[in-house]
Amino acid sequence: MASVLFQAIKSTYLMLYPLNIFNRRHAAPFCTWQYSQIQTKALSEGFQKPNEVQEKSSHSTSRKTPEQILDGFEAIIGIETHVQLSTVTKAFCSCRYLYGSPPNTTICPVCMGLPGTLPVLNSKVVDLAVKLALALNCELSLTSKFDRKQYFYPDLPKGYQISQFDIPIATKGFIELDLPVEFGGGHRRFGITRVHMEEDAGKLLHSETGSYSLVDLNRAGVPLLEVVSEPDMRSGLEAAEYAAELQRLVRYLGVSNGNMQEGSLRCDVNVSVRPSGQSEFGTKVEIKNMNSFSAMSRAIDYEISRQVLLHNQGQSDQIVQETRLWEEGHQKTETMRKKEGLADYRYFPEPDLPEVVLKEEYIENTRQSLPELPEEKRRRYEKMGLNMQDVLFLANDISVASFFDSTLEYGAEAKLAANWIMGDIAAYLKNEHLAIDEVKLTPQELAELIASIKSGTISGKIGKEILFELIAKGGSVKEIIIEKDLVQIVDEGAIEAMVVKVLSENPKQLEQYRGGKTKLQGYFAGQIMEASKGKANPMLLNKILSEKLNSKS
């Protein structure tokens with residue numbers, strides 16, 4: 001039974017905790033917590049009234065814009081982001097971590113916090129921390145240290161987390177980004193308070209009945225970087241774009257895959273509101289459980305409207321320091337737990353790990369090894385003459401940006417390459433749920449396709465047909481053109497003969513055109529293109545057709 005429920009930690013190790021410790025009948029020392037029970041308890045402790053008030057006004061506030069809701073108030077938003085690092089092994093042991101592994105299959109005595117084990121720092125964690133800190137324009141600490149953050153929870157087998165407290169590896173940075181054009185655009189710079197290294201905890205798996213919980217320690221000891229922002233954001237949109245830019249940055253650097261669904265990028269948002277012009281911050285509320293950037297934006301805007309409503313109704317004292325969960329199904333935040341004050345984690349220096357000492361030469365070498373970052377890429381694309389919508393689309397994904405840059409290296413014009421990538425290629429990828437590096441089209445062949453259309457060898461219509469074949473099957477543009485006889489007809493005599501033939505076969509429509517129905521020119525052009533199997537040069541065709549239609553003979 002134990003092996004079925006607990007998934008057998010490892011046959012060579014003793015089970016970490018007996019299962020009955022997690023049963024409600026053995027509430028001490030471990031307890032089973034469930035969000036629904038916490039919410040029920042919190043709501044029964046006197047928070048029903050403001051929630052009820054908010055519910056009554058939810059429809060009216062949801063129809064207002066963020067600017068209308070905030071009339072007379074200012075929102076203050078800061079974000080704490082945990083970035084799971086893409087290392088082969090964990091932070092302080094040699095265990096590998098593979099997302100989705102069966103519970104308790106990637107653990108060892110160090111992960112389990114068994115007595116007598118000692119941590120050994122994975123140097124790759126420091127490398128990735130320095131990379132991200134430099135990309136965030138931070139000041140690096142030449143000497144930093146690890147600390148023990150002590151708290152009690154079933155998924156923390158040691159009883160403390162190895163983190164960094166008073167001397168983190170980096171401080172005082174900033175990140176720059178461009179807001180989407182459809183939301184008004186604009187450039188923003190948000191401050192970064194600190195970046196520090198730490199290890200992850202395990203994971204609790206709650207039973208359906210809520211009578212017990214299982215502990216999976218696979219994630220225990222996985223390396224994290226916590227990035228703490230300054231409270232510089234003022235709306236859900238700005239916060240979501242900050243988080244998206246941070247995700248973009250770690251992917252460009254190869255520091256993390258940044259997948260929110262896997263927990264590789266987890267954001268806790270702190271929100272408060274204050275009357276406009278007031279310097280003192282309002283009461284801070286923390287929001288968790290946001291699994292997408294759109295959910296983050298909606299959660300923050302909801303929380304802002306909730307707090308503003310309480311202010312306007314004279315119930316600002318009901319805004320308490322607490323942690324709230326975003327409920328996607330109900331599109332609202334709900335109380336998870338209340339905070340009476342700051343937690344006392346009793347930090348003290350980790351005695352089993354030495355200080356982390358960085359040399360200037362190492363820092364400079366790391367700086368020189370950084371790739372072109374998203375902000376630098378956007379500014380470069382702007383200088384090419386691309387509009388901001390093109391710039392944001394292309395730089396958003398490192399694979400798309402790399403494909404675009406490679407296409408330019410093969411001689412394609414920036415705007416033409418951007419149009420093809422953002423148009424037909426993007427539509428195909430979206431419909432087929434594919435990434436650009438998962439199709440058979442290469443940057444070289446896209447550049448060749450653009451050149452063939454520009455030179456008049458093929459028409460744009462034929463170009464699209466070739467594009468979809470290249471995406472699905474690969475191959476060469478030149479070979480496809482020759483094999484299918486797709487070379488554009490540019491001989492004026494040949495096109496004129498087709499025009500004369502089509503007009504002679506449609507005397508009624510010709511008479512109607514000359515009687516004033518000039519829209520029939522499109523009908524004739526379609527007939528000619530069909531006769532030429534799409535190979536007639538459109539410009540020549542329209543020129544000759546117009547001349548023939550408007551001639552007196």
# chains A, B, ... in the order shown; residues from 1 in each chain; ligands from 1
call {"tool": "residues_around", "arguments": {"residues": "range 529-546 of chain A", "least_positions_apart": "6", "cutoff": "8 Å", "atoms": "only C-alpha atoms", "output": "tab-separated table (two decimals) with all heavy atoms, in the first residue's frame"}}
result
chain	number	residue	atom	x	y	z
A	456	GLY	N	10.18	38.66	-61.02
A	456	GLY	CA	9.15	38.40	-62.02
A	456	GLY	C	9.16	36.98	-62.55
A	456	GLY	O	8.39	36.65	-63.44
A	458	ILE	N	8.17	34.28	-60.99
A	458	ILE	CA	6.86	33.73	-60.64
A	458	ILE	C	6.00	34.85	-60.09
A	458	ILE	O	6.50	35.90	-59.67
A	458	ILE	CB	6.97	32.60	-59.60
A	458	ILE	CG1	7.66	33.10	-58.33
A	458	ILE	CG2	7.68	31.38	-60.19
A	458	ILE	CD1	7.67	32.09	-57.19
A	459	SER	N	4.70	34.62	-60.08
A	459	SER	CA	3.77	35.61	-59.52
A	459	SER	C	3.63	35.39	-58.02
A	459	SER	O	4.03	34.35	-57.48
A	459	SER	CB	2.40	35.47	-60.18
A	459	SER	OG	1.81	34.21	-59.86
A	461	LYS	N	0.88	34.84	-56.45
A	461	LYS	CA	-0.06	33.73	-56.25
A	461	LYS	C	0.66	32.39	-56.33
A	461	LYS	O	0.47	31.51	-55.48
A	461	LYS	CB	-1.17	33.80	-57.28
A	461	LYS	CG	-2.21	32.70	-57.14
A	461	LYS	CD	-3.28	32.80	-58.21
A	461	LYS	CE	-4.27	31.65	-58.06
A	461	LYS	NZ	-5.30	31.68	-59.13
A	462	ILE	N	1.50	32.24	-57.35
A	462	ILE	CA	2.28	31.01	-57.49
A	462	ILE	C	3.25	30.88	-56.31
A	462	ILE	O	3.49	29.79	-55.80
A	462	ILE	CB	3.07	31.01	-58.82
A	462	ILE	CG1	2.10	30.95	-60.01
A	462	ILE	CG2	4.05	29.86	-58.87
A	462	ILE	CD1	1.31	29.68	-60.10
A	486	LEU	N	6.21	26.53	-63.65
A	486	LEU	CA	5.53	27.65	-63.00
A	486	LEU	C	6.12	29.02	-63.37
A	486	LEU	O	5.71	30.02	-62.80
A	486	LEU	CB	5.58	27.49	-61.48
A	486	LEU	CG	4.91	26.23	-60.92
A	486	LEU	CD1	5.15	26.14	-59.42
A	486	LEU	CD2	3.42	26.22	-61.23
A	487	VAL	N	7.04	29.04	-64.33
A	487	VAL	CA	7.68	30.30	-64.69
A	487	VAL	C	6.62	31.27	-65.23
A	487	VAL	O	5.79	30.92	-66.07
A	487	VAL	CB	8.78	30.09	-65.75
A	487	VAL	CG1	9.37	31.43	-66.18
A	487	VAL	CG2	9.87	29.19	-65.20
A	488	GLN	N	6.65	32.47	-64.72
A	488	GLN	CA	5.65	33.48	-65.07
A	488	GLN	C	5.77	33.87	-66.54
A	488	GLN	O	6.86	33.99	-67.09
A	488	GLN	CB	5.86	34.71	-64.19
A	488	GLN	CG	4.76	35.75	-64.31
A	488	GLN	CD	4.86	36.80	-63.22
A	488	GLN	OE1	3.90	37.06	-62.53
A	488	GLN	NE2	6.01	37.40	-63.07
A	489	ILE	N	4.61	34.06	-67.18
A	489	ILE	CA	4.57	34.49	-68.58
A	489	ILE	C	4.73	36.01	-68.61
A	489	ILE	O	3.88	36.75	-68.09
A	489	ILE	CB	3.24	34.09	-69.25
A	489	ILE	CG1	3.08	32.56	-69.20
A	489	ILE	CG2	3.16	34.60	-70.68
A	489	ILE	CD1	1.70	32.09	-69.64
A	490	VAL	N	5.80	36.46	-69.21
A	490	VAL	CA	6.07	37.90	-69.29
A	490	VAL	C	6.14	38.37	-70.75
A	490	VAL	O	6.44	39.53	-71.01
A	490	VAL	CB	7.39	38.25	-68.56
A	490	VAL	CG1	7.25	38.02	-67.08
A	490	VAL	CG2	8.56	37.44	-69.11
A	492	GLU	N	4.62	39.84	-73.84
A	492	GLU	CA	3.43	40.65	-74.08
A	492	GLU	C	2.54	40.07	-75.18
A	492	GLU	O	1.31	40.11	-75.09
A	492	GLU	CB	3.85	42.09	-74.46
A	492	GLU	CG	4.46	42.86	-73.30
A	492	GLU	CD	4.58	44.35	-73.59
A	492	GLU	OE1	3.75	44.86	-74.38
A	492	GLU	OE2	5.48	44.98	-73.04
A	495	ILE	N	0.46	37.17	-73.77
A	495	ILE	CA	-0.61	37.64	-72.88
A	495	ILE	C	-1.69	38.33	-73.69
A	495	ILE	O	-2.90	38.15	-73.44
A	495	ILE	CB	-0.04	38.58	-71.80
A	495	ILE	CG1	0.90	37.80	-70.85
A	495	ILE	CG2	-1.16	39.23	-70.99
A	495	ILE	CD1	1.59	38.65	-69.81
A	496	GLU	N	-1.30	39.12	-74.72
A	496	GLU	CA	-2.28	39.82	-75.56
A	496	GLU	C	-3.18	38.83	-76.28
A	496	GLU	O	-4.40	39.04	-76.40
A	496	GLU	CB	-1.56	40.71	-76.57
A	496	GLU	CG	-2.52	41.54	-77.41
A	496	GLU	CD	-1.80	42.49	-78.36
A	496	GLU	OE1	-0.55	42.50	-78.36
A	496	GLU	OE2	-2.50	43.22	-79.08
A	498	MET	N	-4.05	35.89	-75.23
A	498	MET	CA	-5.00	35.35	-74.25
A	498	MET	C	-6.10	36.35	-73.95
A	498	MET	O	-7.28	35.98	-73.80
A	498	MET	CB	-4.26	34.97	-72.96
A	498	MET	CG	-3.43	33.69	-73.08
A	498	MET	SD	-2.76	33.16	-71.49
A	498	MET	CE	-1.32	34.20	-71.37
A	499	VAL	N	-5.75	37.63	-73.88
A	499	VAL	CA	-6.74	38.68	-73.63
A	499	VAL	C	-7.77	38.73	-74.76
A	499	VAL	O	-8.99	38.76	-74.52
A	499	VAL	CB	-6.05	40.04	-73.46
A	499	VAL	CG1	-7.10	41.17	-73.42
A	499	VAL	CG2	-5.21	40.07	-72.18
A	521	GLN	N	-14.00	44.18	-65.22
A	521	GLN	CA	-12.58	43.99	-65.57
A	521	GLN	C	-11.97	42.88	-64.72
A	521	GLN	O	-11.14	42.10	-65.20
A	521	GLN	CB	-11.79	45.29	-65.39
A	521	GLN	CG	-10.31	45.14	-65.77
A	521	GLN	CD	-9.58	46.47	-65.87
A	521	GLN	OE1	-10.22	47.52	-65.97
A	521	GLN	NE2	-8.26	46.43	-65.87
call {"tool": "residues_around", "arguments": {"residues": "Pro223 in chain A", "least_positions_apart": "5", "cutoff": "7 Å", "atoms": "only C-alpha atoms", "output": "list in words"}}
result
Gln84, Leu85, Lys90, Ala91, Val125, Glu198, Glu199 and Asp200 of chain A
call {"tool": "write_last_selection", "arguments": {"atoms": "N, CA and C atoms", "output": "mmCIF file, in the first residue's frame"}}
result
data_model
loop_
_atom_site.group_PDB
_atom_site.id
_atom_site.type_symbol
_atom_site.label_atom_id
_atom_site.label_comp_id
_atom_site.auth_asym_id
_atom_site.auth_seq_id
_atom_site.Cartn_x
_atom_site.Cartn_y
_atom_site.Cartn_z
ATOM 1 N N GLN A 84 13.065 28.672 -12.999
ATOM 2 C CA GLN A 84 13.733 27.369 -12.847
ATOM 3 C C GLN A 84 14.838 27.251 -13.889
ATOM 4 N N LEU A 85 16.046 26.958 -13.459
ATOM 5 C CA LEU A 85 17.200 26.968 -14.346
ATOM 6 C C LEU A 85 17.329 25.674 -15.148
ATOM 7 N N LYS A 90 20.574 19.013 -10.225
ATOM 8 C CA LYS A 90 20.003 19.938 -9.250
ATOM 9 C C LYS A 90 21.070 20.876 -8.675
ATOM 10 N N ALA A 91 20.636 21.762 -7.795
ATOM 11 C CA ALA A 91 21.516 22.822 -7.305
ATOM 12 C C ALA A 91 22.636 22.310 -6.409
ATOM 13 N N VAL A 125 24.821 26.774 -11.893
ATOM 14 C CA VAL A 125 23.818 27.674 -11.312
ATOM 15 C C VAL A 125 24.389 29.090 -11.237
ATOM 16 N N GLU A 198 18.537 30.130 -5.228
ATOM 17 C CA GLU A 198 17.968 29.311 -4.176
ATOM 18 C C GLU A 198 17.548 27.964 -4.747
ATOM 19 N N GLU A 199 17.126 27.075 -3.857
ATOM 20 C CA GLU A 199 16.640 25.768 -4.289
ATOM 21 C C GLU A 199 15.123 25.722 -4.165
ATOM 22 N N ASP A 200 14.507 24.856 -4.980
ATOM 23 C CA ASP A 200 13.060 24.687 -4.933
ATOM 24 C C ASP A 200 12.694 23.693 -3.838
#
call {"tool": "select_by_dssp", "arguments": {"residues": "range 43-230 of chain A", "states": "strand (DSSP E)", "output": "number ranges by chain"}}
result
A: 73-84, 139-140, 143-144, 147-150, 160-163, 170-178, 187-199, 203-206, 213-216, 223-229
call {"tool": "residues_around", "arguments": {"residues": "range 385-398 of chain A", "least_positions_apart": "6", "cutoff": "12 Å", "atoms": "only C-alpha atoms", "output": "MDAnalysis selection string"}}
result
chainID A and resid 177:187 241 244:254 257 371:379 404:405 413:423 426 435:437
call {"tool": "atom_distance", "arguments": {"atom1": "CA of Thr87 in chain A", "atom2": "CA of Glu139 in chain A"}}
result
23.6 Å
call {"tool": "closest_atom_pairs", "arguments": {"of": "range 262-380 of chain A", "to": "range 226-232 of chain A", "cutoff": "12 Å", "atoms": "only C-alpha atoms", "output": "CSV"}}
result
residue,atom,partner,partner_atom,distance
A:Ser264,CA,A:Glu226,CA,11.5
A:Leu265,CA,A:Glu226,CA,9.9
A:Arg266,CA,A:Glu226,CA,9.5
A:Cys267,CA,A:Val227,CA,9.5
A:Asp268,CA,A:Val228,CA,9.8
A:Val269,CA,A:Ser229,CA,9.9
A:Asn270,CA,A:Pro231,CA,8.3
A:Val271,CA,A:Pro231,CA,8.8
A:Ser272,CA,A:Pro231,CA,9.7
A:Val273,CA,A:Pro231,CA,11.5
A:Phe281,CA,A:Pro231,CA,10.0
A:Gly282,CA,A:Pro231,CA,12.0
A:Lys284,CA,A:Pro231,CA,10.9
call {"tool": "write_last_selection", "arguments": {"atoms": "N, CA and C atoms", "output": "PDB file, in the first residue's frame"}}
result
ATOM      1  N   SER A 264       8.143  26.387 -14.638  1.00  0.00           N
ATOM      2  CA  SER A 264       9.509  26.888 -14.832  1.00  0.00           C
ATOM      3  C   SER A 264       9.587  28.401 -14.693  1.00  0.00           C
ATOM      4  N   LEU A 265       8.429  29.064 -14.740  1.00  0.00           N
ATOM      5  CA  LEU A 265       8.370  30.514 -14.515  1.00  0.00           C
ATOM      6  C   LEU A 265       7.132  30.772 -13.667  1.00  0.00           C
ATOM      7  N   ARG A 266       7.328  31.143 -12.412  1.00  0.00           N
ATOM      8  CA  ARG A 266       6.209  31.337 -11.497  1.00  0.00           C
ATOM      9  C   ARG A 266       6.247  32.757 -10.946  1.00  0.00           C
ATOM     10  N   CYS A 267       5.140  33.434 -11.055  1.00  0.00           N
ATOM     11  CA  CYS A 267       5.073  34.845 -10.653  1.00  0.00           C
ATOM     12  C   CYS A 267       4.104  35.039  -9.494  1.00  0.00           C
ATOM     13  N   ASP A 268       4.573  35.702  -8.458  1.00  0.00           N
ATOM     14  CA  ASP A 268       3.708  36.159  -7.364  1.00  0.00           C
ATOM     15  C   ASP A 268       3.648  37.679  -7.458  1.00  0.00           C
ATOM     16  N   VAL A 269       2.437  38.211  -7.516  1.00  0.00           N
ATOM     17  CA  VAL A 269       2.241  39.638  -7.751  1.00  0.00           C
ATOM     18  C   VAL A 269       1.775  40.322  -6.475  1.00  0.00           C
ATOM     19  N   ASN A 270       2.377  41.450  -6.148  1.00  0.00           N
ATOM     20  CA  ASN A 270       1.954  42.265  -5.007  1.00  0.00           C
ATOM     21  C   ASN A 270       1.241  43.515  -5.521  1.00  0.00           C
ATOM     22  N   VAL A 271       0.031  43.722  -5.068  1.00  0.00           N
ATOM     23  CA  VAL A 271      -0.807  44.823  -5.555  1.00  0.00           C
ATOM     24  C   VAL A 271      -1.304  45.663  -4.388  1.00  0.00           C
ATOM     25  N   SER A 272      -1.211  46.981  -4.538  1.00  0.00           N
ATOM     26  CA  SER A 272      -1.849  47.900  -3.587  1.00  0.00           C
ATOM     27  C   SER A 272      -2.334  49.116  -4.365  1.00  0.00           C
ATOM     28  N   VAL A 273      -3.244  49.847  -3.788  1.00  0.00           N
ATOM     29  CA  VAL A 273      -3.703  51.095  -4.401  1.00  0.00           C
ATOM     30  C   VAL A 273      -3.607  52.202  -3.353  1.00  0.00           C
ATOM     31  N   PHE A 281       2.585  53.961   0.541  1.00  0.00           N
ATOM     32  CA  PHE A 281       1.954  52.827  -0.133  1.00  0.00           C
ATOM     33  C   PHE A 281       0.717  52.371   0.634  1.00  0.00           C
ATOM     34  N   GLY A 282      -0.222  51.791  -0.102  1.00  0.00           N
ATOM     35  CA  GLY A 282      -1.385  51.192   0.522  1.00  0.00           C
ATOM     36  C   GLY A 282      -1.066  49.800   1.031  1.00  0.00           C
ATOM     37  N   LYS A 284      -0.608  46.013   1.018  1.00  0.00           N
ATOM     38  CA  LYS A 284      -0.192  45.119  -0.069  1.00  0.00           C
ATOM     39  C   LYS A 284      -0.930  43.787   0.004  1.00  0.00           C
TER      40      LYS A 284
END
call {"tool": "select_by_dssp", "arguments": {"residues": "range 387-467 of chain A", "states": "alpha helix (DSSP H)", "output": "ChimeraX atom specification"}}
result
/A:388-396,398-409,414-420,426-432,443-454,460-467
call {"tool": "residues_around", "arguments": {"residues": "range 155-160 of chain A", "least_positions_apart": "5", "cutoff": "8 Å", "atoms": "only C-alpha atoms", "output": "MDAnalysis selection string"}}
result
chainID A and resid 111:114 148:150 201:204 215:217 220
call {"tool": "write_last_selection", "arguments": {"atoms": "all heavy atoms", "output": "CSV table (one decimal), in the first residue's frame"}}
result
chain,number,residue,atom,x,y,z
A,111,CYS,N,18.6,15.5,-1.5
A,111,CYS,CA,17.2,16.0,-1.8
A,111,CYS,C,16.3,15.7,-0.6
A,111,CYS,O,15.4,16.5,-0.3
A,111,CYS,CB,16.6,15.3,-3.0
A,111,CYS,SG,17.6,15.4,-4.5
A,112,MET,N,16.4,14.6,0.0
A,112,MET,CA,15.5,14.1,1.1
A,112,MET,C,15.9,14.7,2.4
A,112,MET,O,15.1,14.6,3.4
A,112,MET,CB,15.5,12.6,1.2
A,112,MET,CG,15.1,11.9,-0.1
A,112,MET,SD,15.6,10.2,-0.2
A,112,MET,CE,14.7,9.5,1.2
A,113,GLY,N,17.0,15.4,2.5
A,113,GLY,CA,17.4,16.1,3.7
A,113,GLY,C,17.8,15.1,4.8
A,113,GLY,O,17.5,15.4,6.0
A,114,LEU,N,18.3,14.0,4.4
A,114,LEU,CA,18.7,13.0,5.4
A,114,LEU,C,19.9,13.4,6.2
A,114,LEU,O,20.8,14.1,5.7
A,114,LEU,CB,19.0,11.6,4.7
A,114,LEU,CG,17.9,11.0,4.0
A,114,LEU,CD1,18.3,9.6,3.5
A,114,LEU,CD2,16.6,10.8,4.9
A,148,ARG,N,20.3,30.0,5.2
A,148,ARG,CA,19.2,29.1,5.5
A,148,ARG,C,17.9,29.9,5.8
A,148,ARG,O,17.9,30.6,6.8
A,148,ARG,CB,19.6,28.2,6.6
A,148,ARG,CG,20.6,27.1,6.3
A,148,ARG,CD,20.9,26.2,7.4
A,148,ARG,NE,21.9,25.2,7.1
A,148,ARG,CZ,22.2,24.2,7.9
A,148,ARG,NH1,21.7,24.0,9.1
A,148,ARG,NH2,23.2,23.3,7.5
A,149,LYS,N,16.9,29.6,5.0
A,149,LYS,CA,15.6,30.2,5.2
A,149,LYS,C,14.7,29.2,5.9
A,149,LYS,O,14.3,28.2,5.2
A,149,LYS,CB,15.0,30.7,3.9
A,149,LYS,CG,13.6,31.3,4.0
A,149,LYS,CD,13.1,31.6,2.6
A,149,LYS,CE,11.7,32.2,2.6
A,149,LYS,NZ,11.2,32.6,1.3
A,150,GLN,N,14.5,29.3,7.2
A,150,GLN,CA,13.8,28.3,7.9
A,150,GLN,C,12.3,28.5,8.0
A,150,GLN,O,11.8,29.5,8.5
A,150,GLN,CB,14.5,28.2,9.3
A,150,GLN,CG,16.0,28.0,9.2
A,150,GLN,CD,16.6,27.9,10.6
A,150,GLN,OE1,16.6,26.8,11.2
A,150,GLN,NE2,17.2,29.0,11.1
A,201,ALA,N,11.5,23.7,-3.4
A,201,ALA,CA,10.9,22.8,-2.5
A,201,ALA,C,10.3,21.6,-3.3
A,201,ALA,O,10.2,21.6,-4.5
A,201,ALA,CB,9.9,23.4,-1.5
A,202,GLY,N,9.8,20.6,-2.6
A,202,GLY,CA,9.0,19.5,-3.2
A,202,GLY,C,7.6,20.0,-3.6
A,202,GLY,O,7.3,21.1,-3.6
A,203,LYS,N,6.8,19.0,-3.7
A,203,LYS,CA,5.4,19.3,-4.1
A,203,LYS,C,4.4,18.4,-3.4
A,203,LYS,O,4.7,17.2,-3.2
A,203,LYS,CB,5.3,19.0,-5.7
A,203,LYS,CG,3.9,19.4,-6.2
A,203,LYS,CD,3.9,19.1,-7.7
A,203,LYS,CE,2.6,19.5,-8.4
A,203,LYS,NZ,2.6,19.2,-9.8
A,204,LEU,N,3.3,19.0,-2.9
A,204,LEU,CA,2.3,18.2,-2.3
A,204,LEU,C,1.2,17.8,-3.3
A,204,LEU,O,0.7,18.6,-4.0
A,204,LEU,CB,1.6,19.0,-1.1
A,204,LEU,CG,2.5,19.2,0.1
A,204,LEU,CD1,1.7,20.0,1.2
A,204,LEU,CD2,2.9,17.9,0.7
A,215,VAL,N,3.7,13.4,-0.7
A,215,VAL,CA,4.8,14.3,-1.0
A,215,VAL,C,5.7,13.8,-2.1
A,215,VAL,O,6.1,12.6,-2.1
A,215,VAL,CB,5.7,14.4,0.3
A,215,VAL,CG1,6.9,15.3,0.0
A,215,VAL,CG2,4.9,15.0,1.5
A,216,ASP,N,5.9,14.6,-3.1
A,216,ASP,CA,6.8,14.3,-4.2
A,216,ASP,C,8.0,15.2,-4.1
A,216,ASP,O,7.9,16.4,-4.2
A,216,ASP,CB,6.0,14.5,-5.6
A,216,ASP,CG,6.9,14.2,-6.8
A,216,ASP,OD1,8.0,13.6,-6.6
A,216,ASP,OD2,6.5,14.6,-7.9
A,217,LEU,N,9.2,14.6,-3.9
A,217,LEU,CA,10.4,15.4,-3.7
A,217,LEU,C,11.2,15.5,-5.0
A,217,LEU,O,12.4,15.9,-4.9
A,217,LEU,CB,11.2,14.7,-2.6
A,217,LEU,CG,10.6,14.8,-1.2
A,217,LEU,CD1,11.5,14.1,-0.2
A,217,LEU,CD2,10.3,16.2,-0.8
A,220,ALA,N,12.5,19.0,-5.3
A,220,ALA,CA,13.3,19.5,-4.1
A,220,ALA,C,14.7,19.6,-4.6
A,220,ALA,O,15.3,18.6,-5.1
A,220,ALA,CB,13.2,18.5,-2.9
call {"tool": "atom_distance", "arguments": {"atom1": "CA of Gln331 in chain A", "atom2": "CA of Ala240 in chain A"}}
result
16.3 Å
call {"tool": "residues_around", "arguments": {"residues": "Gln164 in chain A", "least_positions_apart": "2", "cutoff": "6 Å", "atoms": "only C-alpha atoms", "output": "PDB file with C-alpha atoms, in the first residue's frame"}}
result
ATOM      1  CA  PHE A 146      23.998  31.342   0.853  1.00  0.00           C
ATOM      2  CA  ASP A 147      21.642  31.418   3.839  1.00  0.00           C
ATOM      3  CA  PRO A 168      22.323  38.283  -3.045  1.00  0.00           C
ATOM      4  CA  HIS A 196      19.264  35.645  -5.883  1.00  0.00           C
TER       5      HIS A 196
END
call {"tool": "residues_around", "arguments": {"residues": "Val120 in chain A", "least_positions_apart": "5", "cutoff": "10 Å", "atoms": "only C-alpha atoms", "output": "ChimeraX atom specification"}}
result
/A:90-94,110,352-354
call {"tool": "write_last_selection", "arguments": {"atoms": "all heavy atoms", "output": "short mmCIF file (atom, residue, chain, number, x, y, z; two decimals), in the first residue's frame"}}
result
data_model
loop_
_atom_site.label_atom_id
_atom_site.label_comp_id
_atom_site.auth_asym_id
_atom_site.auth_seq_id
_atom_site.Cartn_x
_atom_site.Cartn_y
_atom_site.Cartn_z
N LYS A 90 20.57 19.01 -10.23
CA LYS A 90 20.00 19.94 -9.25
C LYS A 90 21.07 20.88 -8.67
O LYS A 90 22.24 20.79 -9.01
CB LYS A 90 19.31 19.15 -8.14
CG LYS A 90 18.10 18.36 -8.62
CD LYS A 90 17.38 17.68 -7.46
CE LYS A 90 16.18 16.88 -7.94
NZ LYS A 90 15.46 16.22 -6.83
N ALA A 91 20.64 21.76 -7.80
CA ALA A 91 21.52 22.82 -7.31
C ALA A 91 22.64 22.31 -6.41
O ALA A 91 23.76 22.81 -6.47
CB ALA A 91 20.70 23.88 -6.56
N PHE A 92 22.34 21.30 -5.58
CA PHE A 92 23.33 20.90 -4.57
C PHE A 92 23.58 19.39 -4.54
O PHE A 92 24.14 18.88 -3.56
CB PHE A 92 22.87 21.39 -3.18
CG PHE A 92 22.66 22.87 -3.12
CD1 PHE A 92 21.39 23.40 -3.00
CD2 PHE A 92 23.74 23.74 -3.21
CE1 PHE A 92 21.19 24.78 -2.95
CE2 PHE A 92 23.55 25.12 -3.16
CZ PHE A 92 22.28 25.64 -3.04
N CYS A 93 23.14 18.69 -5.57
CA CYS A 93 23.42 17.25 -5.66
C CYS A 93 23.47 16.86 -7.13
O CYS A 93 23.27 17.70 -8.02
CB CYS A 93 22.37 16.44 -4.91
SG CYS A 93 20.73 16.50 -5.66
N SER A 94 23.72 15.58 -7.40
CA SER A 94 23.90 15.13 -8.78
C SER A 94 22.63 14.56 -9.40
O SER A 94 22.66 13.98 -10.49
CB SER A 94 25.01 14.07 -8.84
OG SER A 94 24.68 12.97 -8.01
N VAL A 110 20.51 13.77 -0.31
CA VAL A 110 20.62 15.23 -0.19
C VAL A 110 19.26 15.88 -0.42
O VAL A 110 18.83 16.76 0.35
CB VAL A 110 21.67 15.79 -1.17
CG1 VAL A 110 21.71 17.32 -1.10
CG2 VAL A 110 23.05 15.22 -0.88
N ASP A 352 27.38 24.99 5.52
CA ASP A 352 27.93 23.90 4.72
C ASP A 352 28.34 24.32 3.31
O ASP A 352 28.77 23.48 2.52
CB ASP A 352 26.91 22.75 4.62
CG ASP A 352 26.63 22.10 5.97
OD1 ASP A 352 27.56 22.11 6.81
OD2 ASP A 352 25.52 21.60 6.18
N LEU A 353 28.20 25.62 3.01
CA LEU A 353 28.56 26.10 1.67
C LEU A 353 29.49 27.30 1.79
O LEU A 353 29.25 28.20 2.62
CB LEU A 353 27.33 26.50 0.87
CG LEU A 353 26.44 25.35 0.38
CD1 LEU A 353 25.12 25.90 -0.16
CD2 LEU A 353 27.14 24.52 -0.69
N PRO A 354 30.54 27.37 0.99
CA PRO A 354 31.44 28.53 1.04
C PRO A 354 30.81 29.74 0.34
O PRO A 354 29.77 29.62 -0.33
CB PRO A 354 32.67 28.04 0.27
CG PRO A 354 32.12 27.04 -0.70
CD PRO A 354 30.98 26.36 0.01
#
call {"tool": "atom_distance", "arguments": {"atom1": "CA of Glu286 in chain A", "atom2": "CA of His311 in chain A"}}
result
18.0 Å
call {"tool": "closest_residue", "arguments": {"among": "A:His433, A:Arg188, A:Arg367, A:Lys338", "to": "Val320 in chain A", "atoms": "only C-alpha atoms"}}
result
A:Lys338
call {"tool": "closest_residue", "arguments": {"among": "A:Arg274, A:Ser256, A:Leu549, A:Lys501", "to": "Arg514 in chain A", "atoms": "only C-alpha atoms"}}
result
A:Leu549
call {"tool": "residues_around", "arguments": {"residues": "Cys95 in chain A", "least_positions_apart": "4", "cutoff": "7 Å", "atoms": "only C-alpha atoms", "output": "PDB file with C-alpha atoms, in the first residue's frame"}}
result
ATOM      1  CA  THR A  89      21.458  18.317 -12.353  1.00  0.00           C
ATOM      2  CA  LYS A  90      20.003  19.938  -9.250  1.00  0.00           C
ATOM      3  CA  THR A 106      14.788  11.632  -9.159  1.00  0.00           C
ATOM      4  CA  ILE A 107      15.903  12.039  -5.555  1.00  0.00           C
ATOM      5  CA  CYS A 108      18.814  11.162  -3.287  1.00  0.00           C
TER       6      CYS A 108
END
